[in-house]
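What follows is a short report on a single structure.
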Amino acid sequence: MCEEMREEVFALLKEEEKDFVECQFVLQCAPLIAGLKVSNLFIIPNVPSTSLRFLINQKNTGLSFYLLAEYAGKAAYLIYRKEELESYIRQDKIQHAIESWCLTEGKDTFCLSKLLIYARKRYTAYCLKEGAFPHELGVLLGYPIEDVSGFIENDGRHCLHSGYWKVYANKEDKIALFRRYEEAKIMLIRMLRSGCTIGELLQISQQNIICVT
């Protein structure tokens with residue numbers, strides 16, 4: 001994290017009037033809020049799902065959420081744009097990759113709803129240290145399939161770069177993308193500190209007003 005980012009985050013977290021869940025939502029899901037990603041993992045101390053539902057569903061934000069795991073007093077959610085994520089998963093190369101990972105429950109496993117259920121089972125086991133990391137989670141997070149496959153083939157080693165995920169192809173393009181994610185985070189933190197609500201930030205995003213070059 002760059003020094004500018006550290007200062008912005010520290011200032012945000014010091015502001016006692018700011019809601020904890022809202023702050024964490026911006027810190028963890030800025031690329032999604034800014035329209036740069038189709039989904040993000042959101043991990044917070046276990047809170048009622050009604051709080052999260054209010055946070056992301058107000059004013060038709062276009063976001064959905066799915067509880068992936070509860071462990072050690074925490075809850076891990078997938079926050080996602082449903083239509084965009086479904087479109088990503090339907091790509092032939094994604095379908096072939098999932099099939100190669102030996103998901104044997106049948107073709108229906110490859111639709112979003114089935115994949116979410118499968119991922120929840122495996123991610124919960126991983127969080128409880130009862131199973132390996134579920135690689136299909138990379139698909140649900142919209143990671144480029146070449147990087148997900150590269151991670152599997154190399155057992156997480158020998159990556160070209162490590163940022164929001166481990167990169168195994170098109171290094172310079174991914175570094176530039178990660179930079180845009182960081183810029184989005186700084187911008188959204190500043191907007192939250194200036195008085196914008198999460199609902200307003202999401203509405204701005206829906207109208208494609210948030211631009212990160």
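All residue names refer to the structure tokens as shown: chains lettered A, B, ... in order, residues numbered from 1 in each chain, ligands numbered from 1 in order.
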* Contacts of Asn40 in chain A at 6 Å (only C-alpha atoms; same-chain gap of 3+ positions) as a list in words -> Cys29, Leu78, Ile79 and Leu141 of chain A
Using backbone DSSP assignments, extract all alpha helix (DSSP H) residues from range 4-204 of chain A; output them as an mmCIF file with N, CA and C atoms, in the first residue's frame.
```cif
data_model
loop_
_atom_site.group_PDB
_atom_site.id
_atom_site.type_symbol
_atom_site.label_atom_id
_atom_site.label_comp_id
_atom_site.auth_asym_id
_atom_site.auth_seq_id
_atom_site.Cartn_x
_atom_site.Cartn_y
_atom_site.Cartn_z
ATOM 1 N N GLU A 4 0.400 7.416 0.304
ATOM 2 C CA GLU A 4 -0.832 8.204 0.129
ATOM 3 C C GLU A 4 -2.045 7.399 0.557
ATOM 4 N N MET A 5 -2.073 6.132 0.168
ATOM 5 C CA MET A 5 -3.183 5.268 0.540
ATOM 6 C C MET A 5 -3.229 5.056 2.044
ATOM 7 N N ARG A 6 -2.078 4.826 2.662
ATOM 8 C CA ARG A 6 -2.032 4.617 4.106
ATOM 9 C C ARG A 6 -2.620 5.810 4.848
ATOM 10 N N GLU A 7 -2.271 7.003 4.430
ATOM 11 C CA GLU A 7 -2.754 8.210 5.091
ATOM 12 C C GLU A 7 -4.261 8.352 4.935
ATOM 13 N N GLU A 8 -4.769 8.065 3.740
ATOM 14 C CA GLU A 8 -6.206 8.177 3.493
ATOM 15 C C GLU A 8 -6.984 7.159 4.331
ATOM 16 N N VAL A 9 -6.493 5.929 4.366
ATOM 17 C CA VAL A 9 -7.168 4.875 5.132
ATOM 18 C C VAL A 9 -7.136 5.199 6.623
ATOM 19 N N PHE A 10 -5.989 5.616 7.118
ATOM 20 C CA PHE A 10 -5.854 5.952 8.537
ATOM 21 C C PHE A 10 -6.825 7.070 8.916
ATOM 22 N N ALA A 11 -6.918 8.085 8.068
ATOM 23 C CA ALA A 11 -7.820 9.207 8.350
ATOM 24 C C ALA A 11 -9.275 8.748 8.348
ATOM 25 N N LEU A 12 -9.614 7.864 7.407
ATOM 26 C CA LEU A 12 -10.986 7.372 7.340
ATOM 27 C C LEU A 12 -11.350 6.582 8.591
ATOM 28 N N LEU A 13 -10.458 5.691 9.009
ATOM 29 C CA LEU A 13 -10.756 4.836 10.154
ATOM 30 C C LEU A 13 -10.782 5.614 11.467
ATOM 31 N N LYS A 14 -10.140 6.778 11.507
ATOM 32 C CA LYS A 14 -10.151 7.601 12.710
ATOM 33 C C LYS A 14 -11.469 8.327 12.907
ATOM 34 N N PHE A 20 -18.580 1.266 10.465
ATOM 35 C CA PHE A 20 -17.498 0.306 10.230
ATOM 36 C C PHE A 20 -17.732 -0.513 8.970
ATOM 37 N N VAL A 21 -18.948 -1.029 8.800
ATOM 38 C CA VAL A 21 -19.221 -1.879 7.650
ATOM 39 C C VAL A 21 -19.076 -1.082 6.356
ATOM 40 N N GLU A 22 -19.538 0.167 6.346
ATOM 41 C CA GLU A 22 -19.400 0.999 5.156
ATOM 42 C C GLU A 22 -17.927 1.235 4.825
ATOM 43 N N CYS A 23 -17.125 1.554 5.842
ATOM 44 C CA CYS A 23 -15.694 1.781 5.621
ATOM 45 C C CYS A 23 -15.030 0.553 5.034
ATOM 46 N N GLN A 24 -15.311 -0.615 5.614
ATOM 47 C CA GLN A 24 -14.704 -1.836 5.126
ATOM 48 C C GLN A 24 -15.192 -2.186 3.717
ATOM 49 N N PHE A 25 -16.440 -1.861 3.445
ATOM 50 C CA PHE A 25 -16.988 -2.116 2.118
ATOM 51 C C PHE A 25 -16.206 -1.344 1.056
ATOM 52 N N VAL A 26 -15.908 -0.074 1.333
ATOM 53 C CA VAL A 26 -15.124 0.733 0.392
ATOM 54 C C VAL A 26 -13.692 0.219 0.306
ATOM 55 N N LEU A 27 -13.088 -0.090 1.444
ATOM 56 C CA LEU A 27 -11.694 -0.531 1.458
ATOM 57 C C LEU A 27 -11.507 -1.854 0.716
ATOM 58 N N GLN A 28 -12.469 -2.763 0.871
ATOM 59 C CA GLN A 28 -12.307 -4.088 0.276
ATOM 60 C C GLN A 28 -12.909 -4.221 -1.117
ATOM 61 N N CYS A 29 -13.892 -3.390 -1.428
ATOM 62 C CA CYS A 29 -14.648 -3.583 -2.670
ATOM 63 C C CYS A 29 -14.593 -2.390 -3.615
ATOM 64 N N ALA A 30 -13.606 -1.524 -3.459
ATOM 65 C CA ALA A 30 -13.509 -0.339 -4.314
ATOM 66 C C ALA A 30 -13.513 -0.675 -5.807
ATOM 67 N N PRO A 31 -12.761 -1.687 -6.279
ATOM 68 C CA PRO A 31 -12.793 -1.987 -7.718
ATOM 69 C C PRO A 31 -14.189 -2.350 -8.221
ATOM 70 N N LEU A 32 -14.951 -3.057 -7.398
ATOM 71 C CA LEU A 32 -16.323 -3.408 -7.759
ATOM 72 C C LEU A 32 -17.198 -2.170 -7.782
ATOM 73 N N ILE A 33 -17.114 -1.347 -6.737
ATOM 74 C CA ILE A 33 -17.933 -0.135 -6.649
ATOM 75 C C ILE A 33 -17.655 0.774 -7.837
ATOM 76 N N SER A 49 -27.008 -10.382 8.251
ATOM 77 C CA SER A 49 -27.040 -10.158 6.811
ATOM 78 C C SER A 49 -27.976 -9.021 6.431
ATOM 79 N N THR A 50 -28.908 -8.690 7.325
ATOM 80 C CA THR A 50 -29.807 -7.576 7.032
ATOM 81 C C THR A 50 -29.032 -6.270 6.897
ATOM 82 N N SER A 51 -27.956 -6.112 7.656
ATOM 83 C CA SER A 51 -27.135 -4.902 7.557
ATOM 84 C C SER A 51 -26.486 -4.815 6.185
ATOM 85 N N LEU A 52 -25.982 -5.928 5.710
ATOM 86 C CA LEU A 52 -25.345 -5.949 4.397
ATOM 87 C C LEU A 52 -26.377 -5.767 3.297
ATOM 88 N N ARG A 53 -27.537 -6.376 3.469
ATOM 89 C CA ARG A 53 -28.596 -6.244 2.469
ATOM 90 C C ARG A 53 -29.010 -4.786 2.329
ATOM 91 N N PHE A 54 -29.133 -4.087 3.436
ATOM 92 C CA PHE A 54 -29.485 -2.665 3.372
ATOM 93 C C PHE A 54 -28.391 -1.864 2.694
ATOM 94 N N LEU A 55 -27.158 -2.235 2.983
ATOM 95 C CA LEU A 55 -26.008 -1.494 2.459
ATOM 96 C C LEU A 55 -25.955 -1.529 0.942
ATOM 97 N N ILE A 56 -26.122 -2.699 0.348
ATOM 98 C CA ILE A 56 -25.908 -2.810 -1.094
ATOM 99 C C ILE A 56 -27.186 -2.782 -1.914
ATOM 100 N N ASN A 57 -28.360 -2.973 -1.304
ATOM 101 C CA ASN A 57 -29.590 -3.040 -2.075
ATOM 102 C C ASN A 57 -30.353 -1.725 -2.143
ATOM 103 N N LYS A 82 -24.647 -9.507 -10.879
ATOM 104 C CA LYS A 82 -25.116 -10.823 -11.304
ATOM 105 C C LYS A 82 -25.025 -11.037 -12.807
ATOM 106 N N GLU A 83 -25.562 -10.146 -13.602
ATOM 107 C CA GLU A 83 -25.584 -10.361 -15.045
ATOM 108 C C GLU A 83 -24.178 -10.423 -15.620
ATOM 109 N N GLU A 84 -23.300 -9.551 -15.144
ATOM 110 C CA GLU A 84 -21.932 -9.529 -15.658
ATOM 111 C C GLU A 84 -21.170 -10.790 -15.268
ATOM 112 N N LEU A 85 -21.372 -11.252 -14.033
ATOM 113 C CA LEU A 85 -20.675 -12.460 -13.590
ATOM 114 C C LEU A 85 -21.205 -13.685 -14.323
ATOM 115 N N GLU A 86 -22.516 -13.750 -14.522
ATOM 116 C CA GLU A 86 -23.086 -14.865 -15.279
ATOM 117 C C GLU A 86 -22.527 -14.897 -16.702
ATOM 118 N N SER A 87 -22.398 -13.724 -17.324
ATOM 119 C CA SER A 87 -21.859 -13.643 -18.673
ATOM 120 C C SER A 87 -20.411 -14.117 -18.717
ATOM 121 N N TYR A 88 -19.639 -13.750 -17.707
ATOM 122 C CA TYR A 88 -18.239 -14.166 -17.639
ATOM 123 C C TYR A 88 -18.141 -15.689 -17.527
ATOM 124 N N ILE A 89 -18.938 -16.267 -16.655
ATOM 125 C CA ILE A 89 -18.874 -17.710 -16.421
ATOM 126 C C ILE A 89 -19.334 -18.505 -17.642
ATOM 127 N N ASP A 92 -16.859 -19.960 -23.138
ATOM 128 C CA ASP A 92 -16.408 -21.332 -23.386
ATOM 129 C C ASP A 92 -15.124 -21.652 -22.631
ATOM 130 N N LYS A 93 -14.168 -20.722 -22.641
ATOM 131 C CA LYS A 93 -12.885 -21.007 -21.997
ATOM 132 C C LYS A 93 -13.040 -21.165 -20.484
ATOM 133 N N ILE A 94 -14.021 -20.465 -19.903
ATOM 134 C CA ILE A 94 -14.275 -20.611 -18.467
ATOM 135 C C ILE A 94 -14.921 -21.963 -18.198
ATOM 136 N N GLN A 95 -15.902 -22.317 -19.032
ATOM 137 C CA GLN A 95 -16.580 -23.601 -18.877
ATOM 138 C C GLN A 95 -15.582 -24.756 -18.999
ATOM 139 N N HIS A 96 -14.691 -24.689 -19.968
ATOM 140 C CA HIS A 96 -13.711 -25.757 -20.164
ATOM 141 C C HIS A 96 -12.752 -25.840 -18.974
ATOM 142 N N ALA A 97 -12.371 -24.668 -18.439
ATOM 143 C CA ALA A 97 -11.468 -24.659 -17.289
ATOM 144 C C ALA A 97 -12.130 -25.306 -16.076
ATOM 145 N N ILE A 98 -13.374 -24.955 -15.818
ATOM 146 C CA ILE A 98 -14.083 -25.528 -14.673
ATOM 147 C C ILE A 98 -14.204 -27.042 -14.833
ATOM 148 N N GLU A 99 -14.506 -27.468 -16.056
ATOM 149 C CA GLU A 99 -14.623 -28.913 -16.305
ATOM 150 C C GLU A 99 -13.294 -29.621 -16.035
ATOM 151 N N SER A 100 -12.186 -28.964 -16.400
ATOM 152 C CA SER A 100 -10.872 -29.584 -16.199
ATOM 153 C C SER A 100 -10.496 -29.693 -14.731
ATOM 154 N N LEU A 112 -24.083 -20.071 -12.554
ATOM 155 C CA LEU A 112 -23.669 -19.284 -11.395
ATOM 156 C C LEU A 112 -24.245 -19.829 -10.094
ATOM 157 N N SER A 113 -25.524 -20.123 -10.061
ATOM 158 C CA SER A 113 -26.143 -20.557 -8.800
ATOM 159 C C SER A 113 -25.520 -21.853 -8.290
ATOM 160 N N LYS A 114 -25.275 -22.799 -9.183
ATOM 161 C CA LYS A 114 -24.664 -24.068 -8.780
ATOM 162 C C LYS A 114 -23.212 -23.876 -8.363
ATOM 163 N N LEU A 115 -22.510 -23.011 -9.086
ATOM 164 C CA LEU A 115 -21.109 -22.772 -8.769
ATOM 165 C C LEU A 115 -20.966 -22.087 -7.416
ATOM 166 N N LEU A 116 -21.890 -21.200 -7.077
ATOM 167 C CA LEU A 116 -21.862 -20.537 -5.773
ATOM 168 C C LEU A 116 -22.023 -21.553 -4.644
ATOM 169 N N ILE A 117 -22.955 -22.468 -4.799
ATOM 170 C CA ILE A 117 -23.174 -23.489 -3.776
ATOM 171 C C ILE A 117 -21.931 -24.365 -3.621
ATOM 172 N N TYR A 118 -21.360 -24.774 -4.744
ATOM 173 C CA TYR A 118 -20.161 -25.610 -4.728
ATOM 174 C C TYR A 118 -18.998 -24.877 -4.061
ATOM 175 N N ALA A 119 -18.828 -23.594 -4.436
ATOM 176 C CA ALA A 119 -17.734 -22.801 -3.874
ATOM 177 C C ALA A 119 -17.920 -22.576 -2.382
ATOM 178 N N ARG A 120 -19.160 -22.373 -1.939
ATOM 179 C CA ARG A 120 -19.407 -22.170 -0.507
ATOM 180 C C ARG A 120 -18.981 -23.397 0.298
ATOM 181 N N LYS A 121 -19.314 -24.561 -0.196
ATOM 182 C CA LYS A 121 -18.937 -25.793 0.499
ATOM 183 C C LYS A 121 -17.422 -25.911 0.610
ATOM 184 N N ARG A 122 -16.723 -25.654 -0.497
ATOM 185 C CA ARG A 122 -15.276 -25.832 -0.503
ATOM 186 C C ARG A 122 -14.544 -24.688 0.205
ATOM 187 N N TYR A 123 -15.056 -23.470 0.086
ATOM 188 C CA TYR A 123 -14.402 -22.341 0.750
ATOM 189 C C TYR A 123 -14.580 -22.425 2.264
ATOM 190 N N THR A 124 -15.739 -22.884 2.709
ATOM 191 C CA THR A 124 -15.962 -23.082 4.142
ATOM 192 C C THR A 124 -14.973 -24.100 4.689
ATOM 193 N N ALA A 125 -14.785 -25.195 3.960
ATOM 194 C CA ALA A 125 -13.815 -26.215 4.384
ATOM 195 C C ALA A 125 -12.405 -25.630 4.430
ATOM 196 N N TYR A 126 -12.074 -24.799 3.450
ATOM 197 C CA TYR A 126 -10.747 -24.169 3.422
ATOM 198 C C TYR A 126 -10.560 -23.249 4.627
ATOM 199 N N CYS A 127 -11.549 -22.428 4.931
ATOM 200 C CA CYS A 127 -11.453 -21.497 6.060
ATOM 201 C C CYS A 127 -11.325 -22.233 7.385
ATOM 202 N N GLU A 136 -12.142 -22.526 -8.041
ATOM 203 C CA GLU A 136 -13.286 -21.921 -8.711
ATOM 204 C C GLU A 136 -13.622 -20.547 -8.127
ATOM 205 N N LEU A 137 -13.122 -20.267 -6.935
ATOM 206 C CA LEU A 137 -13.354 -18.949 -6.353
ATOM 207 C C LEU A 137 -12.703 -17.863 -7.212
ATOM 208 N N GLY A 138 -11.573 -18.177 -7.825
ATOM 209 C CA GLY A 138 -10.942 -17.218 -8.724
ATOM 210 C C GLY A 138 -11.851 -16.849 -9.880
ATOM 211 N N VAL A 139 -12.610 -17.829 -10.382
ATOM 212 C CA VAL A 139 -13.577 -17.566 -11.445
ATOM 213 C C VAL A 139 -14.688 -16.662 -10.926
ATOM 214 N N LEU A 140 -15.204 -16.978 -9.751
ATOM 215 C CA LEU A 140 -16.272 -16.167 -9.179
ATOM 216 C C LEU A 140 -15.819 -14.741 -8.888
ATOM 217 N N ILE A 145 -8.734 -16.015 -16.594
ATOM 218 C CA ILE A 145 -8.621 -17.460 -16.500
ATOM 219 C C ILE A 145 -7.183 -17.922 -16.660
ATOM 220 N N GLU A 146 -6.362 -17.166 -17.421
ATOM 221 C CA GLU A 146 -4.966 -17.567 -17.582
ATOM 222 C C GLU A 146 -4.206 -17.491 -16.261
ATOM 223 N N ASP A 147 -4.626 -16.574 -15.385
ATOM 224 C CA ASP A 147 -3.963 -16.457 -14.090
ATOM 225 C C ASP A 147 -4.468 -17.512 -13.111
ATOM 226 N N VAL A 148 -5.754 -17.826 -13.178
ATOM 227 C CA VAL A 148 -6.290 -18.894 -12.327
ATOM 228 C C VAL A 148 -5.652 -20.231 -12.716
ATOM 229 N N SER A 149 -5.601 -20.491 -14.019
ATOM 230 C CA SER A 149 -4.993 -21.747 -14.491
ATOM 231 C C SER A 149 -3.505 -21.787 -14.165
ATOM 232 N N GLY A 150 -2.826 -20.636 -14.319
ATOM 233 C CA GLY A 150 -1.404 -20.575 -14.002
ATOM 234 C C GLY A 150 -1.138 -20.847 -12.538
ATOM 235 N N PHE A 151 -2.013 -20.331 -11.681
ATOM 236 C CA PHE A 151 -1.874 -20.572 -10.247
ATOM 237 C C PHE A 151 -2.003 -22.061 -9.939
ATOM 238 N N ILE A 152 -2.970 -22.713 -10.577
ATOM 239 C CA ILE A 152 -3.190 -24.141 -10.341
ATOM 240 C C ILE A 152 -1.999 -24.959 -10.843
ATOM 241 N N GLU A 153 -1.567 -24.663 -12.068
ATOM 242 C CA GLU A 153 -0.489 -25.436 -12.681
ATOM 243 C C GLU A 153 0.843 -25.282 -11.943
ATOM 244 N N LYS A 171 1.801 -9.471 -17.737
ATOM 245 C CA LYS A 171 2.206 -8.824 -16.493
ATOM 246 C C LYS A 171 1.973 -7.322 -16.495
ATOM 247 N N GLU A 172 2.425 -6.635 -17.524
ATOM 248 C CA GLU A 172 2.328 -5.175 -17.533
ATOM 249 C C GLU A 172 0.881 -4.709 -17.557
ATOM 250 N N ASP A 173 0.038 -5.408 -18.286
ATOM 251 C CA ASP A 173 -1.379 -5.055 -18.324
ATOM 252 C C ASP A 173 -2.016 -5.218 -16.941
ATOM 253 N N LYS A 174 -1.650 -6.287 -16.245
ATOM 254 C CA LYS A 174 -2.227 -6.536 -14.921
ATOM 255 C C LYS A 174 -1.723 -5.504 -13.896
ATOM 256 N N ILE A 175 -0.454 -5.130 -13.999
ATOM 257 C CA ILE A 175 0.082 -4.109 -13.090
ATOM 258 C C ILE A 175 -0.661 -2.795 -13.295
ATOM 259 N N ALA A 176 -0.921 -2.455 -14.552
ATOM 260 C CA ALA A 176 -1.667 -1.226 -14.845
ATOM 261 C C ALA A 176 -3.087 -1.318 -14.287
ATOM 262 N N LEU A 177 -3.696 -2.504 -14.392
ATOM 263 C CA LEU A 177 -5.043 -2.701 -13.863
ATOM 264 C C LEU A 177 -5.052 -2.576 -12.345
ATOM 265 N N PHE A 178 -4.071 -3.178 -11.679
ATOM 266 C CA PHE A 178 -3.985 -3.078 -10.224
ATOM 267 C C PHE A 178 -3.823 -1.617 -9.798
ATOM 268 N N ARG A 179 -3.079 -0.844 -10.595
ATOM 269 C CA ARG A 179 -2.903 0.574 -10.287
ATOM 270 C C ARG A 179 -4.240 1.308 -10.351
ATOM 271 N N ARG A 180 -5.068 0.938 -11.328
ATOM 272 C CA ARG A 180 -6.398 1.550 -11.425
ATOM 273 C C ARG A 180 -7.246 1.187 -10.209
ATOM 274 N N TYR A 181 -7.121 -0.055 -9.734
ATOM 275 C CA TYR A 181 -7.848 -0.465 -8.530
ATOM 276 C C TYR A 181 -7.447 0.410 -7.333
ATOM 277 N N GLU A 182 -6.149 0.645 -7.190
ATOM 278 C CA GLU A 182 -5.674 1.455 -6.072
ATOM 279 C C GLU A 182 -6.153 2.903 -6.191
ATOM 280 N N GLU A 183 -6.148 3.427 -7.397
ATOM 281 C CA GLU A 183 -6.623 4.790 -7.617
ATOM 282 C C GLU A 183 -8.111 4.901 -7.287
ATOM 283 N N ALA A 184 -8.874 3.855 -7.651
ATOM 284 C CA ALA A 184 -10.301 3.842 -7.335
ATOM 285 C C ALA A 184 -10.518 3.840 -5.832
ATOM 286 N N LYS A 185 -9.694 3.078 -5.121
ATOM 287 C CA LYS A 185 -9.829 3.000 -3.673
ATOM 288 C C LYS A 185 -9.584 4.368 -3.035
ATOM 289 N N ILE A 186 -8.513 5.039 -3.455
ATOM 290 C CA ILE A 186 -8.212 6.363 -2.907
ATOM 291 C C ILE A 186 -9.360 7.327 -3.196
ATOM 292 N N MET A 187 -9.850 7.310 -4.424
ATOM 293 C CA MET A 187 -10.925 8.221 -4.809
ATOM 294 C C MET A 187 -12.192 7.980 -3.994
ATOM 295 N N LEU A 188 -12.566 6.720 -3.820
ATOM 296 C CA LEU A 188 -13.788 6.392 -3.091
ATOM 297 C C LEU A 188 -13.649 6.690 -1.597
ATOM 298 N N ILE A 189 -12.462 6.458 -1.034
ATOM 299 C CA ILE A 189 -12.231 6.815 0.363
ATOM 300 C C ILE A 189 -12.416 8.309 0.556
ATOM 301 N N ARG A 190 -11.876 9.092 -0.368
ATOM 302 C CA ARG A 190 -12.015 10.541 -0.270
ATOM 303 C C ARG A 190 -13.466 10.974 -0.383
ATOM 304 N N MET A 191 -14.212 10.326 -1.273
ATOM 305 C CA MET A 191 -15.628 10.663 -1.435
ATOM 306 C C MET A 191 -16.416 10.301 -0.182
ATOM 307 N N LEU A 192 -16.093 9.153 0.428
ATOM 308 C CA LEU A 192 -16.762 8.755 1.666
ATOM 309 C C LEU A 192 -16.452 9.736 2.781
ATOM 310 N N ARG A 193 -15.189 10.146 2.872
ATOM 311 C CA ARG A 193 -14.788 11.105 3.904
ATOM 312 C C ARG A 193 -15.443 12.467 3.694
ATOM 313 N N ILE A 198 -22.681 5.338 1.081
ATOM 314 C CA ILE A 198 -22.440 4.198 0.214
ATOM 315 C C ILE A 198 -23.481 4.155 -0.902
ATOM 316 N N GLY A 199 -24.734 4.435 -0.547
ATOM 317 C CA GLY A 199 -25.781 4.454 -1.567
ATOM 318 C C GLY A 199 -25.477 5.437 -2.676
ATOM 319 N N GLU A 200 -24.987 6.607 -2.317
ATOM 320 C CA GLU A 200 -24.634 7.615 -3.320
ATOM 321 C C GLU A 200 -23.462 7.166 -4.174
ATOM 322 N N LEU A 201 -22.455 6.542 -3.543
ATOM 323 C CA LEU A 201 -21.308 6.046 -4.299
ATOM 324 C C LEU A 201 -21.739 4.993 -5.314
ATOM 325 N N LEU A 202 -22.626 4.107 -4.887
ATOM 326 C CA LEU A 202 -23.084 3.053 -5.783
ATOM 327 C C LEU A 202 -23.960 3.611 -6.902
ATOM 328 N N GLN A 203 -24.743 4.644 -6.590
ATOM 329 C CA GLN A 203 -25.543 5.275 -7.627
ATOM 330 C C GLN A 203 -24.657 5.964 -8.658
ATOM 331 N N ILE A 204 -23.611 6.620 -8.189
ATOM 332 C CA ILE A 204 -22.658 7.260 -9.098
ATOM 333 C C ILE A 204 -22.027 6.212 -10.002
#
```
